[in-house]
Each structure stands twice: as C-alpha cells, then as structure tokens.
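Undergrad: The structure file my_file-v3.tsv (TSV, C-alpha atoms and all ligand atoms) is provided below.
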chain	number	residue	atom	x	y	z
A	1	PRO	CA	116.89	233.57	82.14
A	2	ALA	CA	116.69	233.45	85.90
A	3	ILE	CA	119.71	233.84	88.12
A	4	ALA	CA	119.42	230.92	90.50
A	5	TYR	CA	121.37	230.18	93.64
A	6	GLY	CA	120.39	226.51	93.64
A	7	LEU	CA	123.93	225.25	93.46
A	8	GLU	CA	125.88	225.50	96.68
A	9	ALA	CA	128.78	227.20	95.01
A	10	PRO	CA	129.80	230.73	95.96
A	11	VAL	CA	128.67	232.09	92.61
A	12	ALA	CA	125.31	232.91	91.09
A	13	VAL	CA	124.39	230.56	88.27
A	14	GLU	CA	122.46	231.63	85.19
A	15	PHE	CA	120.84	228.71	83.37
A	16	HIS	CA	119.95	228.68	79.68
A	17	ASP	CA	118.15	226.02	77.74
A	18	SER	CA	119.98	227.08	74.61
A	19	VAL	CA	122.47	229.90	74.04
A	20	GLY	CA	124.97	230.83	71.34
A	21	SER	CA	128.01	230.52	73.58
A	22	THR	CA	128.17	230.63	77.37
A	23	ASN	CA	131.46	232.52	77.03
A	24	ASP	CA	129.74	235.20	74.96
A	25	ARG	CA	126.90	235.43	77.48
A	26	ALA	CA	129.44	235.73	80.34
A	27	ARG	CA	131.24	238.49	78.39
A	28	GLU	CA	127.92	240.33	78.06
A	29	LEU	CA	127.47	240.07	81.82
A	30	ALA	CA	131.02	241.36	82.28
A	31	ALA	CA	130.20	244.37	80.11
A	32	GLU	CA	127.22	245.03	82.40
A	33	GLY	CA	129.57	245.07	85.39
A	34	ALA	CA	128.68	241.64	86.82
A	35	THR	CA	131.12	239.31	88.53
A	36	ASP	CA	131.17	235.88	90.20
A	37	VAL	CA	128.54	234.51	87.86
A	38	ALA	CA	128.51	231.15	86.15
A	39	VAL	CA	126.58	230.69	82.92
A	40	VAL	CA	125.35	227.18	82.19
A	41	ALA	CA	123.56	226.01	79.05
A	42	ASP	CA	121.98	222.72	78.02
A	43	GLU	CA	122.98	223.40	74.46
A	44	GLN	CA	125.18	225.92	72.65
A	45	THR	CA	124.56	226.81	69.04
A	46	ASP	CA	127.67	228.89	68.34
A	47	SER	CA	130.36	227.71	70.73
A	48	ARG	CA	134.04	227.91	70.02
A	49	GLY	CA	137.37	226.48	71.02
A	50	ARG	CA	140.73	228.18	70.98
A	51	LEU	CA	141.80	230.09	67.86
A	52	ASP	CA	138.14	230.23	66.81
A	53	ARG	CA	137.95	226.50	66.24
A	54	GLU	CA	134.55	224.92	66.32
A	55	TRP	CA	133.38	223.42	69.60
A	56	ARG	CA	130.42	221.04	69.39
A	57	SER	CA	127.91	221.41	72.25
A	58	PRO	CA	124.94	219.07	71.90
A	59	ARG	CA	122.50	218.51	74.76
A	60	GLY	CA	123.81	216.38	77.58
A	61	GLY	CA	127.07	218.22	78.13
A	62	VAL	CA	128.14	220.62	80.84
A	63	TRP	CA	128.68	223.89	78.99
A	64	LEU	CA	129.79	226.34	81.61
A	65	SER	CA	131.49	229.73	81.77
A	66	ILE	CA	132.71	231.33	84.98
A	67	LEU	CA	133.07	235.11	85.17
A	68	VAL	CA	135.46	236.42	87.82
A	69	ARG	CA	137.43	239.61	88.44
A	70	PRO	CA	140.55	238.45	90.24
A	71	ASP	CA	142.98	241.04	91.52
A	72	VAL	CA	145.88	239.75	89.43
A	73	PRO	CA	147.88	240.97	86.43
A	74	PRO	CA	146.74	239.75	82.99
A	75	ALA	CA	149.84	237.56	82.76
A	76	HIS	CA	148.39	235.33	85.50
A	77	ALA	CA	145.36	234.34	83.40
A	78	PRO	CA	146.77	230.92	82.35
A	79	ALA	CA	146.71	229.84	86.01
A	80	PHE	CA	142.91	230.04	85.86
A	81	THR	CA	142.87	227.64	82.92
A	82	LEU	CA	145.02	225.23	84.89
A	83	ALA	CA	142.76	225.59	87.93
A	84	ALA	CA	139.71	224.84	85.81
A	85	ALA	CA	141.38	221.74	84.37
A	86	VAL	CA	142.16	220.49	87.88
A	87	ALA	CA	138.59	221.22	89.02
A	88	VAL	CA	137.20	219.21	86.09
A	89	ALA	CA	139.67	216.36	86.57
A	90	ARG	CA	138.73	216.08	90.25
A	91	ALA	CA	134.99	216.17	89.54
A	92	CYS	CA	135.36	213.53	86.82
A	93	ARG	CA	137.44	211.29	89.07
A	94	GLU	CA	134.77	211.55	91.74
A	95	ALA	CA	132.29	210.44	89.09
A	96	GLY	CA	134.46	207.37	88.58
A	97	VAL	CA	136.42	208.25	85.45
A	98	ASP	CA	140.21	208.26	85.40
A	99	ALA	CA	140.53	211.75	83.94
A	100	ARG	CA	143.92	213.37	83.48
A	101	ILE	CA	145.10	216.73	82.18
A	102	LYS	CA	146.80	217.25	78.86
A	103	TRP	CA	148.62	220.56	78.76
A	104	PRO	CA	147.36	223.19	78.54
A	105	ASN	CA	143.60	222.94	78.37
A	106	ASP	CA	142.33	219.42	77.80
A	107	VAL	CA	141.03	216.82	80.19
A	108	VAL	CA	141.47	213.40	78.66
A	109	VAL	CA	140.89	209.74	79.39
A	110	GLY	CA	143.18	206.89	78.50
A	111	GLY	CA	146.25	208.96	77.72
A	112	ARG	CA	148.81	206.34	78.70
A	113	GLY	CA	150.33	204.88	75.60
A	114	ALA	CA	147.93	206.68	73.31
A	115	ARG	CA	148.39	209.92	71.45
A	116	GLY	CA	147.09	212.15	74.18
A	117	GLY	CA	143.99	210.14	74.98
A	118	ARG	CA	140.33	210.73	74.30
A	119	LYS	CA	139.19	214.30	74.88
A	120	LEU	CA	136.60	214.68	77.60
A	121	CYS	CA	136.79	218.42	78.17
A	122	GLY	CA	138.27	221.57	76.68
A	123	ILE	CA	138.74	224.96	78.31
A	124	LEU	CA	138.75	228.41	76.74
A	125	THR	CA	139.84	231.33	78.91
A	126	GLU	CA	139.19	234.84	77.70
A	127	MET	CA	139.88	238.12	79.45
A	128	GLU	CA	140.19	241.84	79.25
A	129	GLY	CA	142.75	243.72	81.27
A	130	GLU	CA	144.70	246.85	81.87
A	131	ALA	CA	148.47	246.73	82.00
A	132	ASP	CA	148.60	245.68	85.64
A	133	ARG	CA	145.22	244.17	86.44
A	134	VAL	CA	142.64	241.88	84.92
A	135	SER	CA	139.35	243.67	84.36
A	136	TRP	CA	137.36	240.46	83.87
A	137	LEU	CA	138.18	236.87	83.14
A	138	VAL	CA	135.87	234.24	81.65
A	139	VAL	CA	136.81	230.60	81.98
A	140	GLY	CA	134.75	228.50	79.56
A	141	ILE	CA	134.50	224.79	80.27
A	142	GLY	CA	133.11	222.30	77.80
A	143	LEU	CA	132.68	218.92	79.47
A	144	ASN	CA	131.20	215.99	77.56
A	145	ALA	CA	129.09	214.60	80.35
A	146	ASN	CA	126.13	212.69	78.87
A	147	VAL	CA	127.01	213.41	75.27
A	148	ASP	CA	127.16	210.68	72.64
A	149	PRO	CA	130.71	210.92	71.24
A	150	ASP	CA	129.31	209.96	67.84
A	151	ASP	CA	127.68	213.42	67.78
A	152	LEU	CA	131.12	215.04	68.09
A	153	PRO	CA	133.58	215.92	65.32
A	154	GLY	CA	134.93	212.87	63.56
A	155	GLY	CA	138.58	213.87	63.45
A	156	THR	CA	138.94	214.14	67.21
A	157	ASP	CA	139.18	211.20	69.47
A	158	ALA	CA	136.48	212.49	71.80
A	159	THR	CA	134.73	210.72	74.64
A	160	SER	CA	132.19	211.49	77.35
A	161	LEU	CA	131.65	210.50	80.97
A	162	ALA	CA	128.55	208.53	79.96
A	163	ARG	CA	130.54	206.62	77.34
A	164	GLU	CA	133.33	205.83	79.80
A	165	LEU	CA	130.95	204.78	82.59
A	166	GLY	CA	128.22	203.10	80.57
A	167	ARG	CA	125.58	205.24	82.32
A	168	ASP	CA	124.56	208.89	82.58
A	169	VAL	CA	125.97	211.14	85.29
A	170	ASP	CA	124.16	213.79	87.31
A	171	ARG	CA	125.13	217.00	85.52
A	172	ARG	CA	123.96	219.13	88.41
A	173	VAL	CA	126.30	217.46	90.88
A	174	LEU	CA	129.10	217.60	88.34
A	175	THR	CA	128.60	221.32	87.73
A	176	GLN	CA	128.46	222.03	91.44
A	177	ARG	CA	131.67	220.08	92.11
A	178	VAL	CA	133.51	221.87	89.30
A	179	LEU	CA	132.46	225.26	90.66
A	180	GLU	CA	133.42	224.36	94.22
A	181	GLU	CA	136.81	223.00	93.24
A	182	PHE	CA	137.50	225.98	90.98
A	183	ASP	CA	136.63	228.31	93.81
A	184	ASP	CA	138.85	226.46	96.33
A	185	LEU	CA	141.81	226.39	93.94
A	186	THR	CA	141.63	230.02	92.88
A	187	ALA	CA	141.18	231.12	96.50
A	188	ASP	CA	144.57	229.53	97.20
A	189	PRO	CA	146.74	230.20	94.12
A	190	ASP	CA	149.69	228.27	95.58
A	191	SER	CA	147.61	225.10	95.44
A	192	VAL	CA	147.10	225.20	91.67
A	193	LEU	CA	150.44	223.96	90.32
A	194	PRO	CA	150.88	221.07	92.80
A	195	ALA	CA	147.31	219.93	92.11
A	196	TRP	CA	147.86	220.24	88.37
A	197	ARG	CA	151.03	218.12	88.54
A	198	GLU	CA	149.12	215.47	90.48
A	199	HIS	CA	146.54	215.11	87.69
A	200	ALA	CA	148.82	215.74	84.72
A	201	ASP	CA	149.11	213.25	81.91
A	202	THR	CA	151.64	215.36	80.00
A	203	LEU	CA	154.56	215.42	82.44
A	204	GLY	CA	157.34	212.95	81.80
A	205	ARG	CA	156.17	212.29	78.29
A	206	ARG	CA	157.76	213.02	74.98
A	207	VAL	CA	155.69	215.84	73.48
A	208	ARG	CA	155.45	217.83	70.31
A	209	VAL	CA	154.05	221.31	70.86
A	210	GLU	CA	153.00	223.50	67.98
A	211	THR	CA	153.37	227.08	69.15
A	212	PRO	CA	152.50	230.09	66.99
A	213	GLY	CA	155.48	230.01	64.63
A	214	ASP	CA	157.50	227.16	66.10
A	215	VAL	CA	157.47	223.47	66.91
A	216	VAL	CA	159.03	222.29	70.14
A	217	GLU	CA	159.77	218.61	70.70
A	218	GLY	CA	161.20	216.99	73.80
A	219	ILE	CA	160.34	215.64	77.22
A	220	ALA	CA	157.74	217.61	79.19
A	221	GLU	CA	159.57	218.17	82.46
A	222	ASP	CA	157.33	220.39	84.51
A	223	VAL	CA	154.81	223.17	84.52
A	224	ALA	CA	155.75	226.63	85.78
A	225	PHE	CA	153.66	229.53	87.00
A	226	PRO	CA	151.40	230.83	85.57
A	227	GLY	CA	151.00	227.88	83.21
A	228	ALA	CA	154.05	227.38	81.01
A	229	LEU	CA	155.23	223.92	79.99
A	230	LEU	CA	158.95	223.31	80.46
A	231	VAL	CA	160.23	221.06	77.68
A	232	ASP	CA	163.66	219.44	77.72
A	233	THR	CA	164.77	219.56	74.08
A	234	ASP	CA	167.99	218.74	72.26
A	235	ASP	CA	168.81	222.45	72.53
A	236	GLY	CA	168.15	222.68	76.25
A	237	GLU	CA	165.08	223.66	78.24
A	238	VAL	CA	162.37	225.54	76.36
A	239	ARG	CA	159.54	227.33	78.11
A	240	VAL	CA	156.31	227.07	76.10
A	241	THR	CA	153.49	229.41	77.06
A	242	THR	CA	150.89	228.55	74.43
A	243	GLY	CA	150.30	225.95	71.76
A	244	ASP	CA	148.80	222.60	70.83
A	245	CYS	CA	150.45	219.70	72.54
A	246	GLU	CA	150.67	216.20	71.13
A	247	HIS	CA	151.77	213.32	73.32
A	248	LEU	CA	154.25	211.08	71.54
A	249	ARG	CA	155.12	207.56	72.51
A	250	PRO	CA	158.38	207.38	74.44
A	251	ALA	CA	161.19	207.68	71.88
B	1	LIG	C1	139.08	223.80	73.40
B	1	LIG	O1	139.61	224.32	72.24
B	1	LIG	O2	139.24	222.66	73.76
B	1	LIG	C2	138.23	224.78	74.20
B	1	LIG	C3	136.78	224.42	74.21
B	1	LIG	C4	135.98	225.34	75.11
B	1	LIG	C5	134.49	225.08	75.00
B	1	LIG	C6	133.72	225.80	76.06
B	1	LIG	S1	132.09	225.25	76.21
B	1	LIG	C7	131.67	226.57	77.22
B	1	LIG	C8	132.37	227.78	76.62
B	1	LIG	N1	131.60	228.41	75.57
B	1	LIG	C9	132.24	228.41	74.39
B	1	LIG	O3	131.83	228.92	73.33
B	1	LIG	N2	133.43	227.75	74.53
B	1	LIG	C10	133.64	227.32	75.90
B	1	LIG	P1	140.71	223.61	71.36
B	1	LIG	O4	141.83	223.13	72.21
B	1	LIG	O5	141.01	224.59	70.29
B	1	LIG	O6	140.00	222.33	70.77
B	1	LIG	C11	139.02	222.46	69.76
B	1	LIG	C12	138.95	221.14	68.99
B	1	LIG	O7	138.31	220.14	69.78
B	1	LIG	C13	138.10	221.23	67.73
B	1	LIG	O8	138.89	221.63	66.65
B	1	LIG	C14	137.58	219.80	67.55
B	1	LIG	O9	138.55	219.02	66.88
B	1	LIG	C15	137.51	219.26	68.96
B	1	LIG	N3	136.15	219.28	69.52
B	1	LIG	C16	135.09	220.07	69.20
B	1	LIG	N4	134.03	219.82	69.99
B	1	LIG	C17	134.43	218.83	70.85
B	1	LIG	C18	133.80	218.15	71.92
B	1	LIG	N5	132.56	218.44	72.33
B	1	LIG	N6	134.53	217.21	72.57
B	1	LIG	C19	135.79	216.91	72.22
B	1	LIG	N7	136.44	217.53	71.22
B	1	LIG	C20	135.77	218.48	70.54
Let me see the structure of the file written as structure tokens.
Ligand code: BT5
TA:
Amino acid sequence: PAIAYGLEAPVAVEFHDSVGSTNDRARELAAEGATDVAVVADEQTDSRGRLDREWRSPRGGVWLSILVRPDVPPAHAPAFTLAAAVAVARACREAGVDARIKWPNDVVVGGRGARGGRKLCGILTEMEGEADRVSWLVVGIGLNANVDPDDLPGGTDATSLARELGRDVDRRVLTQRVLEEFDDLTADPDSVLPAWREHADTLGRRVRVETPGDVVEGIAEDVAFPGALLVDTDDGEVRVTTGDCEHLRPA
C-alpha cells in the first residue's frame, strides 16, 4: 500500500482497502523503525478491542491507528488514549453529533440518563517501552462513521455518525480532523485533561467500574493525570487506572 501525504495532518498516512488490524499493521511499521505514521483501512478482518475482545470493522467506518514515539515514560501512555478520545469527540461534534467521552476509552452519544449511551467509537492503545521511555505507542481508533449499527454486535448499544445524522459523513474530512486534533493535543500535554473534562460524560455520575479483581462504585469526581478516574466511594476516594465503566442512574 502506498504511503500518501494527501491528508494535511503532520503524519504520513498508509491506506489499506482491507487489513487484519490497523493496530497490527502499525506495530509492524514500529518494528521496522517507522514513526509518525497513521494506518487507515476501509475494512478490518481481525480487529480487536481491549482484553482481546472482538471489534467489528465493516466498511464505512474510520479504522485508524496512529504510531508515535513520544519522549515520555510508559506510565504516561493513558494520556494518549484520553487525547484520542478528545480528538474524536471534537471531530464528531464538528460533524454535528453530540458526542461525549465515557471513561476511559469510549466516545458515546446520548449518555444522559442512559446506561452510558450508544457507543460510537472505541480506542485501543498499545505500546512497548523501556523502564523510563516509551519505545513506540500505537493508538487505535475505531469510529463508526458510515456503518450500519445493525451490522455491529447485538449485545452492545452501538451507533454510528450516519445513524445519528440520517446521512453519510465525509470519512476523509473526519480522519483528517481526528489526526489534526490528536496532534495538537499531544503537542501540548497540559491541554489534554481540561479538554477531556469538557467533553466527559462520566464526570459527576454514579459509576460502577470493574477493574481487574475489584469493583468500584461511587460518584466519578474527576480525572487525574495520566488518565485515572477518581471515584468518591463509601470508603473514600479511590483512584482507578483501568477497567470497564458503567454509568448508573443517579442513586
Ligand atoms: C474498544 O475495546 O472499544 C477498543 C476498540 C478499538 C478498535 C480499533 S479499530 C482500529 C484499531 N485496530 C484494531 O484492531 N483495534 C483498533 P473495548 O472497550 O474492549 O470494547 C469492545 C466491545 O465493544 C466488544 O466486546 C463489543 O461488545 C463492542 N463492539 C465491537 N465492535 C463494535 C463497534 N464497531 N462499535 C461499537 N461497539 C463495538
């Protein structure tokens, strides 16, 4: 596949008609020493979510992985997931959809009053690092742009931009805006948390977070660098760094 510079983002973009997983392709490029490359595919045949869950990637979506080599410790990686979520939320809002972020890695629509809303986008960040520095970091973004939600897994309450708007969106513009916003945010790390708070759906809500080995329930108070959720529980404030978050109706 050709490396094209057609998008006005500060990265090279490699387009695929069909690929197993854009994250896997970006990892291959990382192994070859590349950096600042985005991999985009019209369709993925073997894409994945977190914890090796299945991610469905039919044609019409924006399936995108960004390979970067930031000069930061591995512990900062979650901030890149947050930045990607903000970039997607902004691009979707520009397209006319009221997209909000559900901690840590979902962009949703219609969260208010519902159990976390309809999922528009998921993000999977993978990386390799030494003790003190990231070697490479791949941020995988799966955005249901012009996808028919009926083609997506039944159990999830998924949606797409096309479903929300009643018309297709320009995936090229969308991809370009996500890349530009991601670049702006990561160039100015201090901007990430304030921007995340602005687009968050999770904050102020009663949440139930399943972490590996624990369940934390309480009010989501704030987010803290590099991406932890601060939950006010009956036993005081708990800092959650990873997990699946469910929005509960106010108790
Ligand atoms: C995620 O995982 O939400 C991360 C998804 C990352 C996908 C991108 S696409 C580009 C790159 N290449 C890859 O191979 N992956 C990345 P998680 O939070 O674990 O959510 C996974 C769950 O979302 C699944 O168990 C399904 O229930 C649901 N799901 C699967 N496909 C979906 C879709 N297209 N839209 C909405 N929900 C979906």
Undergrad: Given 3 Å of margin on each side, can you work out the centre and size in Å (one decimal) of an axis-aligned box holding every listed atom of ligand LIG 1 (chain B), as JSON?
TA:
{"center_x": 136.7, "center_y": 222.9, "center_z": 71.9, "size_x": 16.2, "size_y": 18.0, "size_z": 16.6}
Undergrad: Taking all atoms listed in the file into account, report as a PDB file with C-alpha atoms, keeping the file's coordinate frame which residues have an atom no farther than 6 Å from an atom of ligand LIG 1 (chain B).
TA:
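Just written: pocket04.pdb:
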ATOM      1  CA  SER A  21     128.010 230.520  73.580  1.00  0.00           C
ATOM      2  CA  THR A  22     128.170 230.630  77.370  1.00  0.00           C
ATOM      3  CA  ASN A  23     131.460 232.520  77.030  1.00  0.00           C
ATOM      4  CA  SER A  47     130.360 227.710  70.730  1.00  0.00           C
ATOM      5  CA  ARG A  48     134.040 227.910  70.020  1.00  0.00           C
ATOM      6  CA  GLY A  49     137.370 226.480  71.020  1.00  0.00           C
ATOM      7  CA  ARG A  50     140.730 228.180  70.980  1.00  0.00           C
ATOM      8  CA  ARG A  53     137.950 226.500  66.240  1.00  0.00           C
ATOM      9  CA  GLU A  54     134.550 224.920  66.320  1.00  0.00           C
ATOM     10  CA  TRP A  55     133.380 223.420  69.600  1.00  0.00           C
ATOM     11  CA  ARG A  56     130.420 221.040  69.390  1.00  0.00           C
ATOM     12  CA  SER A  57     127.910 221.410  72.250  1.00  0.00           C
ATOM     13  CA  TRP A  63     128.680 223.890  78.990  1.00  0.00           C
ATOM     14  CA  LEU A  64     129.790 226.340  81.610  1.00  0.00           C
ATOM     15  CA  SER A  65     131.490 229.730  81.770  1.00  0.00           C
ATOM     16  CA  LYS A 119     139.190 214.300  74.880  1.00  0.00           C
ATOM     17  CA  LEU A 120     136.600 214.680  77.600  1.00  0.00           C
ATOM     18  CA  GLY A 122     138.270 221.570  76.680  1.00  0.00           C
ATOM     19  CA  ILE A 123     138.740 224.960  78.310  1.00  0.00           C
ATOM     20  CA  LEU A 124     138.750 228.410  76.740  1.00  0.00           C
ATOM     21  CA  GLY A 140     134.750 228.500  79.560  1.00  0.00           C
ATOM     22  CA  ILE A 141     134.500 224.790  80.270  1.00  0.00           C
ATOM     23  CA  GLY A 142     133.110 222.300  77.800  1.00  0.00           C
ATOM     24  CA  ASN A 144     131.200 215.990  77.560  1.00  0.00           C
ATOM     25  CA  LEU A 152     131.120 215.040  68.090  1.00  0.00           C
ATOM     26  CA  PRO A 153     133.580 215.920  65.320  1.00  0.00           C
ATOM     27  CA  THR A 156     138.940 214.140  67.210  1.00  0.00           C
ATOM     28  CA  ALA A 158     136.480 212.490  71.800  1.00  0.00           C
TER      29      ALA A 158
END
Undergrad: Which residue gives the smallest distance to Cys245 in chain A among A:Glu28, A:Asp106, A:Glu164, A:Asp151, with only C-alpha atoms counted?
TA: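 Result for the nearest residue to Cys245 in chain A: A:Asp106.
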Undergrad: Looking at A:Cys121, A:Val139, A:Val240, A:Leu161, which one is nearest to Arg93 in chain A, with distances taken over all atoms listed in the file?
TA: A:Leu161
Undergrad: If we count all atoms listed in the file, what is near Val192 in chain A at a cut-off of 9 Å, once residues fewer than 6 positions away on the same chain are taken out, given as a ChimeraX atom specification?
TA: /A:79-80,82-83,86,185-186
Undergrad: Please determine, counting all atoms listed in the file, which residue among A:Thr175, A:Asp168, A:Pro73, A:Gly117 has the shortest atom-to-atom distance to Asp132 in chain A.
TA: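 Nearest candidate to Asp132 in chain A out of A:Thr175, A:Asp168, A:Pro73, A:Gly117: A:Pro73.
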Undergrad: Could you check which of A:Arg69, A:His76, A:Arg118, A:Arg59 is closest to Lys102 in chain A, using all atoms listed in the file?
TA: A:Arg118
Undergrad: How many Å lie between CA of Arg208 in chain A and CA of Asp235 in chain A, rounded to one decimal?
TA: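 It comes out at 14.3 Å.
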Undergrad: With a distance cut-off of 12 Å and only C-alpha atoms, select the neighbouring residues of Leu179 in chain A, excluding the residue or stretch itself and same-chain residues fewer than 4 positions from it, and output the selection as an NGL selection string.
TA: :A and (7-13 or 36-40 or 62 or 64-68 or 83-88 or 90-91 or 139-141 or 172-175 or 183-186)
Undergrad: Pull C-alpha atoms from the residues just selected and write them as a PDB file, in the frame of the given file.
TA:
ATOM      1  CA  LEU A   7     123.930 225.250  93.460  1.00  0.00           C
ATOM      2  CA  GLU A   8     125.880 225.500  96.680  1.00  0.00           C
ATOM      3  CA  ALA A   9     128.780 227.200  95.010  1.00  0.00           C
ATOM      4  CA  PRO A  10     129.800 230.730  95.960  1.00  0.00           C
ATOM      5  CA  VAL A  11     128.670 232.090  92.610  1.00  0.00           C
ATOM      6  CA  ALA A  12     125.310 232.910  91.090  1.00  0.00           C
ATOM      7  CA  VAL A  13     124.390 230.560  88.270  1.00  0.00           C
ATOM      8  CA  ASP A  36     131.170 235.880  90.200  1.00  0.00           C
ATOM      9  CA  VAL A  37     128.540 234.510  87.860  1.00  0.00           C
ATOM     10  CA  ALA A  38     128.510 231.150  86.150  1.00  0.00           C
ATOM     11  CA  VAL A  39     126.580 230.690  82.920  1.00  0.00           C
ATOM     12  CA  VAL A  40     125.350 227.180  82.190  1.00  0.00           C
ATOM     13  CA  VAL A  62     128.140 220.620  80.840  1.00  0.00           C
ATOM     14  CA  LEU A  64     129.790 226.340  81.610  1.00  0.00           C
ATOM     15  CA  SER A  65     131.490 229.730  81.770  1.00  0.00           C
ATOM     16  CA  ILE A  66     132.710 231.330  84.980  1.00  0.00           C
ATOM     17  CA  LEU A  67     133.070 235.110  85.170  1.00  0.00           C
ATOM     18  CA  VAL A  68     135.460 236.420  87.820  1.00  0.00           C
ATOM     19  CA  ALA A  83     142.760 225.590  87.930  1.00  0.00           C
ATOM     20  CA  ALA A  84     139.710 224.840  85.810  1.00  0.00           C
ATOM     21  CA  ALA A  85     141.380 221.740  84.370  1.00  0.00           C
ATOM     22  CA  VAL A  86     142.160 220.490  87.880  1.00  0.00           C
ATOM     23  CA  ALA A  87     138.590 221.220  89.020  1.00  0.00           C
ATOM     24  CA  VAL A  88     137.200 219.210  86.090  1.00  0.00           C
ATOM     25  CA  ARG A  90     138.730 216.080  90.250  1.00  0.00           C
ATOM     26  CA  ALA A  91     134.990 216.170  89.540  1.00  0.00           C
ATOM     27  CA  VAL A 139     136.810 230.600  81.980  1.00  0.00           C
ATOM     28  CA  GLY A 140     134.750 228.500  79.560  1.00  0.00           C
ATOM     29  CA  ILE A 141     134.500 224.790  80.270  1.00  0.00           C
ATOM     30  CA  ARG A 172     123.960 219.130  88.410  1.00  0.00           C
ATOM     31  CA  VAL A 173     126.300 217.460  90.880  1.00  0.00           C
ATOM     32  CA  LEU A 174     129.100 217.600  88.340  1.00  0.00           C
ATOM     33  CA  THR A 175     128.600 221.320  87.730  1.00  0.00           C
ATOM     34  CA  ASP A 183     136.630 228.310  93.810  1.00  0.00           C
ATOM     35  CA  ASP A 184     138.850 226.460  96.330  1.00  0.00           C
ATOM     36  CA  LEU A 185     141.810 226.390  93.940  1.00  0.00           C
ATOM     37  CA  THR A 186     141.630 230.020  92.880  1.00  0.00           C
TER      38      THR A 186
END
Undergrad: CA of Val107 in chain A and CA of Ala220 in chain A, how far apart in Å?
TA: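 Interatomic distance, CA of Ala220 in chain A to CA of Val107 in chain A: 16.8 Å.
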Undergrad: A:Val108, A:Ala30, A:Val209, A:Cys92: which is nearest Glu128 in chain A, counting all atoms listed in the file?
TA: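 That would be A:Ala30, the residue with the smallest distance to Glu128 in chain A.
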Undergrad: Quick one: pull the distance between CA of Ala187 in chain A and CA of Ala95 in chain A, Å, one decimal.
TA: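 Straight-line distance from CA of Ala187 in chain A to CA of Ala95 in chain A works out to 23.7 Å.
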Undergrad: So, counting all atoms listed in the file, which residue among A:Phe225, A:Val216, A:Ala75, A:Arg206 is closest to Asp190 in chain A?
TA: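 Checking each of A:Phe225, A:Val216, A:Ala75, A:Arg206 against Asp190 in chain A, counting all atoms listed in the file, the winner is A:Phe225.
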Undergrad: Name the residues in contact with Val147 in chain A at a cut-off of 7 Å, using all atoms listed in the file, excluding same-chain residues fewer than 3 positions from it; report them as a PyMOL selection string.
TA: chain A and resi 58-61+144+160+162
Undergrad: Pick out the residues sitting within 9 Å of Glu237 in chain A, and hand them over as a VMD selection string; count only C-alpha atoms, and ignore anything fewer than 4 positions along from it in its own chain.
TA: chain A and resid 218 221 230 to 233
Undergrad: Here's a test: counting only C-alpha atoms, identify every protein, DNA and RNA residue with an atom at most 10 Å from (154.3, 230.9, 67.5) in the file's coordinate frame, and state them as an MDAnalysis selection string.
TA: chainID A and resid 210:215 240:243
